Structure formats: structure tokens, C-alpha cells
Amino acid sequence: MKKIILLAIFLVAILVIWGCSIENDSTLTDVVLNAEGDAALKTPNQNGNLNPGIIPPHANPYGRSYGEWSIAWWQWLISAPFDQNPGLDETGEFIPFGQSGPVWFIAPNFGGETVRYADIPAGKGLFILLMGFEASELEGHGTGEEELRGLADWVVSGIENLVCEIDGVSIEGLDDFRVASPTMFSIDVPENNIFQVDGLDIPAGTYYPSVCDGYYIMLNPLPAGEHIIHLSGEIPGIEFWQDIIINLNVVGGHGHGRNHLN
């Protein structure tokens with residue numbers, strides 16, 4: 001099967017960031033977005049937001065929808081060579097790979113237990129795949145959009161016991177954070193690429209089409225200091241499970257690393 005991240009099945013872009021960046025208070029007064037995608041400061045749990053510090057899935061953070069960010073996330077992951085790929089990272093040394101702009105991406109693993117450590121700059125939103133799947137004609141997942149989306153939906157619908165914790169606080173309502181790519185998209189594949197995980201010998205090039213489906217969160221910038229992201233879940237139908245702890249040290253900015261979700 002594919003690469004599922006999830007936090008994922010990776011049994012399973014170059015990141016180009018458009019649009020408006022959101023200015024966040026360095027002490028992390030919570031930022032939520034209104035229906036027009038504009039930044040608005042809110043107090044915890046106002047307007048039904050169960051997870052202060054997490055931008056709601058219906059919003060357009062940093063000028064893109066969650067679905068558009070999911071495409072950019074997979075393009076970023078697939079653009080990374082096998083020996084530098086953040087999804088295969090056992091220590092955290094590849095977390096900075098290809099990161100730029102106001103949003104950094106965080107990857108899950110290919111299954112099992114992983115503990116990572118990394119420094120990241122202050123002021124960066126974090127777009128995190130909790131668990132998901134990318135399907136493409138390149139990998140033999142079907143022909144045309146209907147077949148590709150059907151496979152991605154089948155894999156992601158099998159996810160159970162999905163957990164995301166930020167500094168010990170569980171994210172509620174994760175079912176609402178499931179997103180499928182709004183369109184099919186192309187992927188840039190390097191030499192020495194991630195598809196080796198599935199035993200595929202795919203030459204470097206740009207390929208189309210792909211689709212993706214999965215669970216994602218956009219986390220507002222964390223205060224300076226140490227933070228822990230914990231991701232776990234399983235897909236019993238394919239005997240896949242993951243448990244990932246990501247220890248992040250936010251460098252620069254202000255604050256003392258307090259849990260901003262409380």
C-alpha cells in the first residue's frame with residue numbers, strides 16, 4: 001500500500017507560499033479567522049472554536065484554504081530526496097528541509113514509533129499532517145480522478161484512534177479536520193526519491209495527476225521555548241500504526257513556551 005503519513009501512511013513543493021501572512025502577537029493571543037479569511041483576535045473558545053491556537057478548518061490561513069495547503073504539503077514532502085526526507089526522519093534533523101515563508105510543514109512517519117528534536121524559528125505557523133494518503137497514476141493507484149480519489153478515501157476512512165496533542169492538550173473534533181485536495185495536482189520527483197519505500201524505481205521528473213486526503217491542522221506560531229507535539233493513530237485494515245513525538249524548541253521571539261492551548 002501507499003505511504004500514509006499521518007502522521008501518516010506514507011505507504012505513504014516545492015513550497016510556494018502566496019498571499020497574506022497573518023501577524024500574530026508573540027505571546028500568542030489566539031488568532032482565528034472570520035468567514036472572509038481575515039485575522040481576528042479572539043479569546044479562548046469564542047465563536048465555538050474548541051481549540052484556541054488552532055486555525056479552524058473552514059478558514060483560509062495565510063491566504064490558502066486547508067485543501068490548498070494540503071496540496072503544497074504533499075508537493076513539499078515528495079520533493080525531498082530519500083536521504084533527507086522529513087517523513088523518514090528518525091531524529092528531527094530533516095525538519096528544516098525546504099522550509100520557507102510564514103508556514104512550516106510537519107511530517108508524520110512511515111509507521112511505528114519515532115521521536116524527533118529540532119529548533120525552529122519563532123513566528124512560523126505549523127501545518128501538520130496528522131495522518132493521510134497521496135494517490136497518483138505514477139504509483140499505479142488508478143487512472144483518472146475518480147479512481148485516485150476512491151483509493152485515497154478508502155485508506156483515510158480506515159483511520160482509527162487518531163490523536164493529536166500539543167503540549168499535553170488534546171485537539172478536539174479531529175473529524176472536522178479531514179480535508180481532500182480540491183483539485184488534482186502535479187508532483188516534482190527528485191532522483192533518489194521517497195517512492196523507494198514502496199519498491200518503485202521512478203526517475204526524476206514532474207508528474208500529473210495526484211490527489212490527497214487526510215487530517216491536517218494549522219497551528220498558530222508557538223511561543224519561544226520548548227514544545228511537544230504528539231501524534232498517533234492506526235489503520236487496522238492494513239496493519240498500520242504510528243506514534244510520533246516531536247520536540248520543538250522555538251528560537252527567538254518572546255514568551256516562555258507556555259502551553260498556548262490552555
# chains A, B, ... in the order shown; residues from 1 in each chain; ligands from 1
call {"tool": "residues_around", "arguments": {"residues": "range 187-190 of chain A", "least_positions_apart": "3", "cutoff": "7 Å", "atoms": "only C-alpha atoms", "output": "PyMOL selection string"}}
result
chain A and resi 75+78-79+81+193+204-208
call {"tool": "residues_around", "arguments": {"residues": "His230 in chain A", "least_positions_apart": "6", "cutoff": "12 Å", "atoms": "only C-alpha atoms", "output": "PyMOL selection string"}}
result
chain A and resi 6-7+106-108+113-116+128-130+162-171+242-248
call {"tool": "residues_around", "arguments": {"residues": "Pro209 in chain A", "least_positions_apart": "4", "cutoff": "7 Å", "atoms": "only C-alpha atoms", "output": "list of chain:residue names"}}
result
A:Ser136, A:Glu137, A:Met184, A:Phe185, A:Ser186
call {"tool": "closest_residue", "arguments": {"among": "A:Val103, A:Ile229, A:Ile194, A:Ala118", "to": "Leu88 in chain A", "atoms": "only C-alpha atoms"}}
result
A:Ile194
call {"tool": "closest_residue", "arguments": {"among": "A:Val250, A:Val179, A:Leu231, A:Ile202", "to": "Gly214 in chain A", "atoms": "only C-alpha atoms"}}
result
A:Val179
call {"tool": "residues_around", "arguments": {"residues": "Cys212 in chain A", "least_positions_apart": "4", "cutoff": "12 Å", "atoms": "only C-alpha atoms", "output": "PyMOL selection string"}}
result
chain A and resi 2-6+8-10+12+66-75+129+131-136+141+145+148-156+178-187+216
call {"tool": "residues_around", "arguments": {"residues": "Glu234 in chain A", "least_positions_apart": "2", "cutoff": "8 Å", "atoms": "only C-alpha atoms", "output": "number ranges by chain"}}
result
A: 159-162, 232, 236, 239-242
